[in-house]
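A.B. asks: One file is attached below, protein_36.csv, containing CSV, C-alpha atoms.
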chain,number,residue,atom,x,y,z
A,1,MET,CA,-21.8,-64.9,13.0
A,2,GLY,CA,-23.1,-62.4,15.5
A,3,VAL,CA,-24.2,-58.9,14.7
A,4,LYS,CA,-21.1,-57.4,16.3
A,5,GLN,CA,-18.8,-59.6,14.1
A,6,ALA,CA,-20.8,-58.7,11.0
A,7,LEU,CA,-20.4,-55.0,11.6
A,8,ARG,CA,-16.7,-55.4,12.1
A,9,SER,CA,-16.4,-57.2,8.8
A,10,ILE,CA,-17.8,-54.2,7.0
A,11,ASP,CA,-14.9,-51.8,6.2
A,12,ALA,CA,-15.1,-49.2,3.5
A,13,PHE,CA,-11.3,-48.9,3.5
A,14,PRO,CA,-9.9,-52.4,4.2
A,15,ARG,CA,-6.4,-52.7,5.6
A,16,ALA,CA,-3.7,-54.3,3.5
A,17,GLU,CA,-2.6,-57.8,4.6
A,18,ASP,CA,0.4,-57.9,6.8
A,19,HIS,CA,2.6,-59.9,4.4
A,20,LEU,CA,2.1,-57.1,1.8
A,21,LEU,CA,3.4,-54.4,4.2
A,22,GLN,CA,7.1,-53.6,4.4
A,23,LYS,CA,8.7,-51.1,6.7
A,24,THR,CA,11.7,-49.3,5.2
A,25,GLN,CA,14.1,-46.5,6.3
A,26,SER,CA,13.2,-44.5,3.2
A,27,GLY,CA,9.6,-44.5,4.3
A,28,ALA,CA,10.5,-43.2,7.7
A,29,VAL,CA,12.7,-40.4,6.2
A,30,VAL,CA,9.9,-39.4,3.8
A,31,SER,CA,7.4,-39.3,6.7
A,32,ILE,CA,9.7,-37.1,8.8
A,33,VAL,CA,10.4,-34.8,5.9
A,34,GLY,CA,6.7,-34.6,5.2
A,35,LEU,CA,6.0,-33.8,8.8
A,36,LEU,CA,8.6,-31.0,8.9
A,37,ILE,CA,7.2,-29.5,5.7
A,38,MET,CA,3.7,-29.6,7.2
A,39,VAL,CA,4.8,-27.9,10.4
A,40,THR,CA,6.8,-25.2,8.5
A,41,LEU,CA,3.9,-24.4,6.3
A,42,PHE,CA,1.5,-24.4,9.2
A,43,LEU,CA,3.6,-21.9,11.1
A,44,SER,CA,4.0,-19.8,8.0
A,45,GLU,CA,0.2,-19.7,7.5
A,46,LEU,CA,-0.4,-19.0,11.2
A,47,SER,CA,2.1,-16.1,11.0
A,48,TYR,CA,0.3,-14.8,7.9
A,49,TYR,CA,-3.0,-14.9,9.7
A,50,LEU,CA,-1.6,-13.1,12.8
A,51,ASN,CA,0.0,-10.3,10.7
A,52,THR,CA,-2.0,-7.1,10.7
A,53,LEU,CA,-3.8,-6.2,7.5
A,54,THR,CA,-4.1,-2.5,6.6
A,55,VAL,CA,-7.1,-1.1,4.7
A,56,HIS,CA,-7.0,2.4,3.1
A,57,GLN,CA,-10.0,4.7,2.8
A,58,MET,CA,-10.3,8.2,1.4
A,59,SER,CA,-12.7,11.0,2.4
A,60,VAL,CA,-13.0,14.8,2.2
A,61,ASP,CA,-10.9,16.6,4.8
A,62,LEU,CA,-13.1,18.6,7.1
A,63,LYS,CA,-10.6,19.7,9.7
A,64,ARG,CA,-10.4,23.4,10.5
A,65,GLY,CA,-8.6,25.7,12.9
A,66,GLU,CA,-5.8,23.2,13.8
A,67,THR,CA,-2.1,23.6,13.7
A,68,LEU,CA,0.4,21.8,11.5
A,69,PRO,CA,3.5,20.4,13.2
A,70,ILE,CA,6.7,20.4,11.1
A,71,HIS,CA,9.5,18.2,12.4
A,72,VAL,CA,12.8,19.4,11.0
A,73,ASN,CA,16.2,17.7,11.4
A,74,MET,CA,18.9,19.0,8.9
A,75,THR,CA,22.6,19.5,8.7
A,76,PHE,CA,24.4,22.2,6.8
A,77,PRO,CA,28.1,21.0,6.7
A,78,SER,CA,29.5,24.2,5.1
A,79,LEU,CA,27.7,27.0,7.0
A,80,PRO,CA,28.3,28.0,10.7
A,81,CYS,CA,25.3,28.3,13.0
A,82,ASP,CA,25.9,32.1,13.4
A,83,VAL,CA,24.8,32.8,9.8
A,84,LEU,CA,21.9,30.4,9.6
A,85,SER,CA,18.3,31.4,10.2
A,86,MET,CA,14.9,29.9,9.7
A,87,ASP,CA,11.9,31.7,8.3
A,88,ALA,CA,8.3,30.5,8.1
A,89,ILE,CA,5.4,32.3,6.4
A,90,ASP,CA,1.9,31.0,5.6
A,91,MET,CA,-0.4,32.1,2.8
A,92,SER,CA,-2.1,34.7,5.0
A,93,GLY,CA,1.3,36.5,5.4
A,94,LYS,CA,1.5,35.6,9.1
A,95,HIS,CA,5.2,35.3,10.2
A,96,GLU,CA,6.2,32.3,12.2
A,97,VAL,CA,7.7,34.3,15.1
A,98,ASP,CA,4.1,34.9,16.2
A,99,LEU,CA,3.6,31.2,16.9
A,100,ASP,CA,5.2,28.7,19.4
A,101,THR,CA,8.4,27.2,18.2
A,102,ASN,CA,11.0,24.8,19.5
A,103,ILE,CA,14.1,25.0,17.3
A,104,TRP,CA,17.7,24.2,18.2
A,105,LYS,CA,21.0,24.8,16.4
A,106,LEU,CA,24.0,22.6,17.1
A,107,ARG,CA,27.5,23.7,16.1
A,108,LEU,CA,29.5,21.0,14.4
A,109,ASN,CA,33.2,20.8,13.7
A,110,SER,CA,34.7,19.7,10.4
A,111,HIS,CA,34.2,16.0,11.5
A,112,GLY,CA,30.6,16.5,12.3
A,113,HIS,CA,31.0,16.4,16.1
A,114,ILE,CA,28.9,18.7,18.3
A,115,ILE,CA,30.9,21.6,19.8
A,116,GLY,CA,28.1,23.9,20.9
A,117,THR,CA,24.4,24.4,21.2
A,118,GLU,CA,22.1,27.3,20.6
A,119,TYR,CA,18.3,27.6,21.3
A,120,ILE,CA,16.3,29.7,18.9
A,121,SER,CA,13.3,30.8,20.9
A,122,ASP,CA,11.9,33.1,18.2
A,123,LEU,CA,13.4,31.9,15.0
A,124,VAL,CA,14.8,35.0,13.3
A,125,GLU,CA,12.9,37.6,15.3
A,126,LYS,CA,16.1,39.5,16.4
A,127,GLU,CA,17.4,39.5,12.8
A,128,HIS,CA,14.1,40.8,11.5
A,129,ASP,CA,14.3,43.6,14.0
A,130,HIS,CA,17.4,44.8,12.1
A,131,SER,CA,16.9,43.7,8.5
A,132,SER,CA,14.1,42.6,6.2
A,133,HIS,CA,13.7,39.3,4.5
A,134,LYS,CA,15.1,40.7,1.3
A,135,HIS,CA,17.9,42.7,2.9
A,136,ASP,CA,17.0,46.0,1.2
A,137,GLU,CA,14.3,48.7,1.7
A,138,HIS,CA,13.5,48.3,5.4
A,139,LYS,CA,17.0,48.8,6.8
A,140,ASN,CA,17.7,51.9,8.8
A,141,GLU,CA,20.2,54.0,7.0
A,142,THR,CA,22.1,54.9,10.2
A,143,ASP,CA,22.6,51.2,11.1
A,144,ALA,CA,23.8,50.5,7.6
A,145,LEU,CA,26.4,53.3,7.8
A,146,ASN,CA,27.6,51.9,11.2
A,147,LEU,CA,28.1,48.5,9.7
A,148,LEU,CA,29.9,50.0,6.7
A,149,GLY,CA,32.1,51.8,9.1
A,150,PHE,CA,33.0,48.5,10.8
A,151,ASP,CA,30.9,48.8,14.0
A,152,GLU,CA,32.5,46.9,16.8
A,153,ALA,CA,29.8,44.3,17.1
A,154,ALA,CA,29.7,43.8,13.3
A,155,GLU,CA,33.5,43.4,13.2
A,156,THR,CA,33.4,40.8,16.0
A,157,MET,CA,30.8,38.8,14.3
A,158,ILE,CA,32.6,38.9,10.9
A,159,LYS,CA,35.8,37.7,12.4
A,160,LYS,CA,34.0,35.0,14.3
A,161,VAL,CA,32.2,33.7,11.3
A,162,LYS,CA,35.2,33.8,9.0
A,163,GLN,CA,37.2,31.8,11.6
A,164,ALA,CA,34.3,29.3,11.7
A,165,LEU,CA,34.3,29.0,7.9
A,166,ALA,CA,38.1,28.5,7.9
A,167,ASP,CA,37.8,25.8,10.6
A,168,GLY,CA,35.1,24.0,8.5
A,169,GLU,CA,32.3,24.4,11.0
A,170,GLY,CA,28.8,23.3,10.1
A,171,CYS,CA,25.4,23.4,11.8
A,172,ARG,CA,22.6,21.0,12.6
A,173,VAL,CA,19.1,22.5,12.8
A,174,TYR,CA,16.4,20.5,14.4
A,175,GLY,CA,13.1,20.9,16.3
A,176,VAL,CA,9.4,21.4,15.7
A,177,LEU,CA,7.5,24.3,14.1
A,178,ASP,CA,3.7,24.6,14.9
A,179,VAL,CA,2.3,26.6,12.0
A,180,GLN,CA,-1.3,27.3,10.9
A,181,ARG,CA,-2.9,24.5,8.9
A,182,VAL,CA,-2.8,26.4,5.6
A,183,ALA,CA,-0.4,26.5,2.7
A,184,GLY,CA,2.9,28.2,3.3
A,185,ASN,CA,6.6,27.8,3.3
A,186,PHE,CA,9.6,27.8,5.5
A,187,HIS,CA,13.2,28.1,4.5
A,188,ILE,CA,16.7,28.0,6.0
A,189,SER,CA,19.3,30.5,4.7
A,190,VAL,CA,21.6,33.4,5.6
A,191,HIS,CA,18.7,35.9,5.1
A,192,GLY,CA,18.9,36.9,8.7
A,193,LEU,CA,22.2,38.6,8.1
A,194,ASN,CA,22.5,42.2,7.2
A,195,ILE,CA,23.3,42.5,3.5
A,196,TYR,CA,26.6,44.3,4.2
A,197,VAL,CA,27.7,41.8,6.8
A,198,ALA,CA,26.9,38.9,4.5
A,199,GLN,CA,28.9,40.6,1.7
A,200,MET,CA,31.9,41.0,4.0
A,201,ILE,CA,31.7,37.4,5.2
A,202,PHE,CA,31.2,35.6,1.9
A,203,GLY,CA,32.3,38.1,-0.7
A,204,GLY,CA,29.2,37.4,-2.8
A,205,SER,CA,26.2,35.1,-2.9
A,206,LYS,CA,28.0,32.5,-5.1
A,207,ASN,CA,30.2,31.7,-2.2
A,208,VAL,CA,27.3,30.7,0.1
A,209,ASN,CA,27.3,26.9,0.1
A,210,VAL,CA,23.9,25.6,1.1
A,211,SER,CA,24.8,21.9,0.9
A,212,HIS,CA,22.5,20.1,3.2
A,213,MET,CA,21.4,16.7,4.5
A,214,ILE,CA,17.8,16.1,5.5
A,215,HIS,CA,17.8,13.5,8.3
A,216,ASP,CA,14.1,13.9,9.0
A,217,LEU,CA,11.3,16.0,7.6
A,218,SER,CA,7.8,15.1,8.6
A,219,PHE,CA,4.4,16.7,9.4
A,220,GLY,CA,3.3,14.8,12.4
A,221,PRO,CA,4.1,11.6,14.3
A,222,LYS,CA,5.1,8.5,12.4
A,223,TYR,CA,2.8,5.4,12.0
A,224,PRO,CA,3.8,1.8,11.0
A,225,GLY,CA,4.9,1.7,7.4
A,226,ILE,CA,5.0,5.4,6.7
A,227,HIS,CA,7.6,6.6,4.2
A,228,ASN,CA,8.7,10.2,4.2
A,229,PRO,CA,10.4,10.8,0.8
A,230,LEU,CA,12.8,13.5,2.0
A,231,ASP,CA,14.3,11.5,4.8
A,232,GLY,CA,17.9,10.7,4.1
A,233,THR,CA,18.3,13.2,1.3
A,234,ASN,CA,21.8,14.5,0.6
A,235,ARG,CA,22.5,17.5,-1.6
A,236,ILE,CA,26.2,18.4,-1.6
A,237,LEU,CA,27.5,21.3,-3.8
A,238,HIS,CA,31.1,21.6,-5.0
A,239,ASP,CA,32.5,24.9,-6.3
A,240,THR,CA,29.0,26.3,-7.0
A,241,SER,CA,25.9,27.5,-5.2
A,242,GLY,CA,22.2,27.9,-5.8
A,243,THR,CA,18.7,27.7,-4.3
A,244,PHE,CA,16.9,24.5,-3.6
A,245,LYS,CA,13.1,24.4,-3.6
A,246,TYR,CA,11.0,21.4,-2.4
A,247,TYR,CA,7.4,21.6,-3.4
A,248,ILE,CA,5.4,19.4,-0.9
A,249,LYS,CA,1.9,18.1,-1.1
A,250,ILE,CA,0.7,17.2,2.3
A,251,VAL,CA,-2.0,14.5,2.7
A,252,PRO,CA,-3.9,14.5,6.1
A,253,THR,CA,-3.8,10.9,7.5
A,254,GLU,CA,-5.5,9.0,10.3
A,255,TYR,CA,-4.1,5.7,11.4
A,256,ARG,CA,-6.5,3.5,13.4
A,257,TYR,CA,-4.9,0.7,15.4
A,258,LEU,CA,-6.6,-2.6,16.3
A,259,SER,CA,-6.8,-1.2,19.9
A,260,LYS,CA,-9.1,1.5,18.5
A,261,ASP,CA,-6.5,4.2,19.2
A,262,ILE,CA,-6.4,6.9,16.5
A,263,LEU,CA,-3.1,8.6,15.4
A,264,THR,CA,-3.6,11.9,13.5
A,265,THR,CA,-0.7,12.8,11.3
A,266,ASN,CA,0.2,13.6,7.7
A,267,GLN,CA,2.1,12.0,4.8
A,268,TYR,CA,3.4,13.8,1.7
A,269,SER,CA,4.8,13.7,-1.8
A,270,VAL,CA,7.5,16.1,-3.0
A,271,THR,CA,8.9,17.6,-6.2
A,272,GLU,CA,12.4,19.1,-6.1
A,273,TYR,CA,14.0,22.0,-8.1
A,274,TYR,CA,17.5,23.5,-8.0
A,275,THR,CA,18.4,26.9,-9.5
A,276,PRO,CA,22.1,27.7,-9.7
A,277,MET,CA,23.4,31.1,-8.9
A,278,ASN,CA,24.9,33.4,-11.5
A,279,GLU,CA,26.9,36.7,-11.1
A,280,PHE,CA,23.9,38.9,-11.9
A,281,ASP,CA,21.6,37.4,-9.1
A,282,ARG,CA,20.7,39.8,-6.3
A,283,THR,CA,19.2,37.1,-4.2
A,284,TRP,CA,21.0,34.8,-1.8
A,285,PRO,CA,21.0,31.0,-1.8
A,286,ALA,CA,18.5,29.2,0.4
A,287,VAL,CA,16.7,25.9,1.0
A,288,TYR,CA,12.9,26.4,0.6
A,289,PHE,CA,10.1,24.0,1.6
A,290,LEU,CA,6.9,25.1,0.0
A,291,TYR,CA,3.9,23.1,1.2
A,292,ASP,CA,0.2,22.8,0.4
A,293,LEU,CA,-2.5,20.6,1.9
A,294,SER,CA,-4.6,18.1,0.0
A,295,PRO,CA,-8.4,18.4,0.4
A,296,ILE,CA,-8.6,14.6,0.8
A,297,THR,CA,-7.8,12.7,4.0
A,298,VAL,CA,-6.6,9.1,4.1
A,299,THR,CA,-7.7,6.7,6.8
A,300,ILE,CA,-5.6,3.6,7.4
A,301,LYS,CA,-7.2,0.8,9.5
A,302,GLU,CA,-5.6,-2.2,11.0
A,303,GLU,CA,-7.6,-5.4,10.6
A,304,ARG,CA,-7.2,-9.1,11.2
A,305,ARG,CA,-7.9,-11.8,8.6
A,306,SER,CA,-10.9,-14.0,9.3
A,307,PHE,CA,-10.5,-17.4,11.0
A,308,LEU,CA,-12.4,-19.0,8.1
A,309,HIS,CA,-9.7,-17.7,5.7
A,310,LEU,CA,-7.0,-19.3,7.9
A,311,ILE,CA,-8.8,-22.7,7.9
A,312,THR,CA,-9.3,-22.6,4.1
A,313,ARG,CA,-5.6,-21.9,3.6
A,314,LEU,CA,-4.5,-24.6,6.0
A,315,CYS,CA,-6.6,-27.2,4.3
A,316,ALA,CA,-5.0,-26.2,1.0
A,317,VAL,CA,-1.6,-26.5,2.6
A,318,LEU,CA,-2.3,-29.9,4.1
A,319,GLY,CA,-3.5,-31.3,0.8
A,320,GLY,CA,-0.4,-30.0,-1.0
A,321,THR,CA,1.8,-31.5,1.7
A,322,PHE,CA,0.3,-34.9,1.4
A,323,ALA,CA,0.7,-34.8,-2.4
A,324,LEU,CA,4.3,-33.7,-2.0
A,325,THR,CA,5.0,-36.5,0.5
A,326,GLY,CA,3.7,-39.1,-1.9
A,327,MET,CA,5.9,-37.8,-4.6
A,328,LEU,CA,8.9,-37.9,-2.3
A,329,ASP,CA,8.1,-41.5,-1.3
A,330,ARG,CA,8.1,-42.6,-4.9
A,331,TRP,CA,11.3,-40.8,-5.7
A,332,MET,CA,13.1,-42.2,-2.6
A,333,PHE,CA,11.9,-45.7,-3.4
A,334,ARG,CA,13.3,-45.4,-7.0
A,335,ILE,CA,16.7,-44.1,-5.7
A,336,ILE,CA,17.1,-46.8,-3.2
A,337,GLU,CA,16.0,-49.4,-5.6
A,338,SER,CA,18.6,-48.3,-8.1
A,339,PHE,CA,21.4,-48.8,-5.6
A,340,THR,CA,20.2,-52.1,-4.1
A,341,LYS,CA,19.2,-53.8,-7.3
A,342,LYS,CA,21.3,-57.0,-7.9
A,343,PRO,CA,23.3,-57.2,-11.1
A,344,SER,CA,22.2,-59.8,-13.7
A,345,THR,CA,23.8,-63.3,-13.2
A,346,ARG,CA,23.9,-64.1,-16.9
A,347,SER,CA,27.3,-64.6,-18.3
A,348,ILE,CA,28.4,-63.9,-21.8
A,349,HIS,CA,30.4,-66.6,-23.5
A,350,LYS,CA,32.7,-65.8,-26.3
Represent the supplied structure as structure tokens.
C.D. replies:
Amino acid sequence: MGVKQALRSIDAFPRAEDHLLQKTQSGAVVSIVGLLIMVTLFLSELSYYLNTLTVHQMSVDLKRGETLPIHVNMTFPSLPCDVLSMDAIDMSGKHEVDLDTNIWKLRLNSHGHIIGTEYISDLVEKEHDHSSHKHDEHKNETDALNLLGFDEAAETMIKKVKQALADGEGCRVYGVLDVQRVAGNFHISVHGLNIYVAQMIFGGSKNVNVSHMIHDLSFGPKYPGIHNPLDGTNRILHDTSGTFKYYIKIVPTEYRYLSKDILTTNQYSVTEYYTPMNEFDRTWPAVYFLYDLSPITVTIKEERRSFLHLITRLCAVLGGTFALTGMLDRWMFRIIESFTKKPSTRSIHK
């Protein structure tokens, strides 16, 4: 025997002899099933590897002198646009009319369809020229007397608003406020009206229905996976009224994409309170958003899983697939054997 033949005769895993091998349809089915399982699991693991992993980090917020964008999109189904105004004040006492704004009001009919548009260039600046935020000590006495004497402009507005209320008009307020990056609040209400006009229109604060729907309230652009807790909030009042207050804690956030682009934004948490009106209240219903900023900033980074991690998981998947295929083979063989086994030829004689 030559050296070449001697090497061929050495086999750590000798093949079974041909007469011991039997090709069956069940074996083919099991092989195909095993292959499909292997391909499915491989694609699943590959998808898991390709998915982006996000890592969260926290640090002290060092930003100073920047503005805070407030994105507002709300609907007041029971209040016409003519009576709604928006006010924004920060902790320094600076009023929002001193900053750039971009707010719109959309008139809605009783079915929620748009029937008119109004742009508010200076929020409630015109209203504040005529009345104070609290409707009391800063009103000029002569103007008040004119309104009590049914000044022509006041009469026109009162008739217009009453007709809008009778028709079931509502109002959608949306846009962006750029405020100072300090604690503050903004609110939407009928505070822009003169107190006498408001009284003639509604007959009392308990009749001011501040039911509202918050479609979107955010403090910056949205990043993948962000959840703004007030989005989709519905607060509908029936035969009552009151003041809503949302206390918001803003968390500065940076989102770092795989492409190294950085998105600067904010996320927030919220606590809600509602105070019903009573006959002795001298205030008017409103929807307040009182916000404060966290001293901690969150950085969210997109990352990929390592290639070694993928290889390790694939090896585990292949090992499990082979074991599962062997089990299927044994089960299939037993099932086929039970159907193909010949009955016993023994006969029983009585």
A.B. asks: Would you write out, as a Markdown table, a table of all residues in range 51-84 of chain A that have an atom no more than 6 Å from an atom of range 281-297 of chain A, listing for each the closest atom pair and the distance in Å to one decimal, considering all atoms listed in the file and ordering rows by chain and rising residue number?
C.D. replies:
| residue | atom | partner | partner_atom | distance |
| --- | --- | --- | --- | --- |
| A:Met58 | CA | A:Thr297 | CA | 5.8 |
| A:Ser59 | CA | A:Thr297 | CA | 5.4 |
| A:Val60 | CA | A:Ile296 | CA | 4.6 |
| A:Asp61 | CA | A:Ile296 | CA | 5.0 |
A.B. asks: I'd like the neighbourhood of Asp216 in chain A as a list in words, where a residue qualifies if any of its atoms comes within 12 Å (using all atoms listed in the file), though same-chain residues fewer than 5 positions away should be ignored.
C.D. replies: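 Listing them by chain and then by number gives Ile70, His71, Val72, Asn73, Met74, Thr75, Arg172, Val173, Tyr174, Gly175, Val176, Pro221, Lys222, His227, Asn228, Pro229, Leu230, Asp231, Gly232, Thr233 and Asn234 of chain A.
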A.B. asks: Give the answer as one residue: which of A:His212, A:Ile226, A:Phe244, A:Asp178 has the shortest atom-to-atom distance to Glu66 in chain A, using all atoms listed in the file?
C.D. replies: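 Comparing A:His212, A:Ile226, A:Phe244, A:Asp178 against Glu66 in chain A, the winner is A:Asp178.
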A.B. asks: In Å to one decimal, how far is CA of Ile89 in chain A from CA of Lys249 in chain A?
C.D. replies: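 Between CA of Lys249 in chain A and CA of Ile89 in chain A the gap is 16.4 Å.
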A.B. asks: All heavy atoms are needed for range 246-255 of chain A; please write them out as a compact mmCIF listing (two decimals), in the frame of the given file.
C.D. replies:
# COMPACT_ATOMS: atom_id res chain seq x y z
N TYR A 246 11.78 22.67 -2.52
CA TYR A 246 11.00 21.40 -2.40
C TYR A 246 9.55 21.76 -2.32
O TYR A 246 9.09 22.38 -1.36
CB TYR A 246 11.47 20.66 -1.15
CG TYR A 246 12.93 20.25 -1.14
CD1 TYR A 246 13.89 21.01 -0.50
CD2 TYR A 246 13.34 19.08 -1.78
CE1 TYR A 246 15.23 20.63 -0.49
CE2 TYR A 246 14.68 18.69 -1.77
CZ TYR A 246 15.61 19.47 -1.13
OH TYR A 246 16.94 19.09 -1.12
N TYR A 247 8.80 21.36 -3.35
CA TYR A 247 7.40 21.60 -3.40
C TYR A 247 6.67 20.35 -2.81
O TYR A 247 6.77 19.25 -3.37
CB TYR A 247 6.89 21.86 -4.81
CG TYR A 247 7.39 23.18 -5.35
CD1 TYR A 247 8.61 23.26 -6.02
CD2 TYR A 247 6.65 24.35 -5.18
CE1 TYR A 247 9.07 24.47 -6.52
CE2 TYR A 247 7.11 25.56 -5.68
CZ TYR A 247 8.32 25.61 -6.34
OH TYR A 247 8.77 26.81 -6.82
N ILE A 248 5.97 20.53 -1.72
CA ILE A 248 5.40 19.40 -0.90
C ILE A 248 3.92 19.45 -0.94
O ILE A 248 3.30 20.49 -0.68
CB ILE A 248 5.97 19.49 0.51
CG1 ILE A 248 7.50 19.35 0.51
CG2 ILE A 248 5.33 18.41 1.37
CD1 ILE A 248 8.12 19.59 1.87
N LYS A 249 3.32 18.31 -1.24
CA LYS A 249 1.90 18.10 -1.10
C LYS A 249 1.58 17.27 0.07
O LYS A 249 1.92 16.09 0.12
CB LYS A 249 1.30 17.49 -2.40
CG LYS A 249 -0.18 17.21 -2.33
CD LYS A 249 -1.02 18.48 -2.24
CE LYS A 249 -1.07 19.24 -3.54
NZ LYS A 249 -2.00 20.38 -3.53
N ILE A 250 0.92 17.87 1.07
CA ILE A 250 0.70 17.20 2.30
C ILE A 250 -0.73 16.52 2.28
O ILE A 250 -1.71 17.15 1.87
CB ILE A 250 0.72 18.17 3.51
CG1 ILE A 250 2.13 18.79 3.59
CG2 ILE A 250 0.35 17.49 4.82
CD1 ILE A 250 2.24 19.88 4.62
N VAL A 251 -0.79 15.26 2.69
CA VAL A 251 -2.00 14.50 2.70
C VAL A 251 -2.40 14.18 4.16
O VAL A 251 -1.70 13.39 4.81
CB VAL A 251 -1.93 13.20 1.89
CG1 VAL A 251 -3.26 12.45 1.90
CG2 VAL A 251 -1.48 13.49 0.47
N PRO A 252 -3.45 14.80 4.70
CA PRO A 252 -3.90 14.50 6.10
C PRO A 252 -4.17 12.99 6.20
O PRO A 252 -4.78 12.39 5.31
CB PRO A 252 -5.13 15.32 6.27
CG PRO A 252 -5.00 16.44 5.26
CD PRO A 252 -4.29 15.84 4.09
N THR A 253 -3.74 12.39 7.30
CA THR A 253 -3.80 10.90 7.50
C THR A 253 -4.26 10.59 8.88
O THR A 253 -3.79 11.20 9.84
CB THR A 253 -2.50 10.26 7.13
OG1 THR A 253 -2.10 10.62 5.80
CG2 THR A 253 -2.61 8.75 7.22
N GLU A 254 -5.15 9.60 8.99
CA GLU A 254 -5.50 9.00 10.30
C GLU A 254 -5.15 7.55 10.28
O GLU A 254 -5.49 6.83 9.33
CB GLU A 254 -7.02 9.16 10.56
CG GLU A 254 -7.44 10.53 11.03
CD GLU A 254 -8.90 10.55 11.47
OE1 GLU A 254 -9.60 9.54 11.25
OE2 GLU A 254 -9.34 11.58 12.02
N TYR A 255 -4.45 7.12 11.31
CA TYR A 255 -4.10 5.70 11.40
C TYR A 255 -4.86 5.12 12.61
O TYR A 255 -4.71 5.56 13.76
CB TYR A 255 -2.60 5.54 11.65
CG TYR A 255 -2.11 4.12 11.49
CD1 TYR A 255 -1.71 3.64 10.25
CD2 TYR A 255 -2.06 3.25 12.58
CE1 TYR A 255 -1.27 2.34 10.07
CE2 TYR A 255 -1.62 1.94 12.42
CZ TYR A 255 -1.23 1.50 11.17
OH TYR A 255 -0.80 0.20 11.02
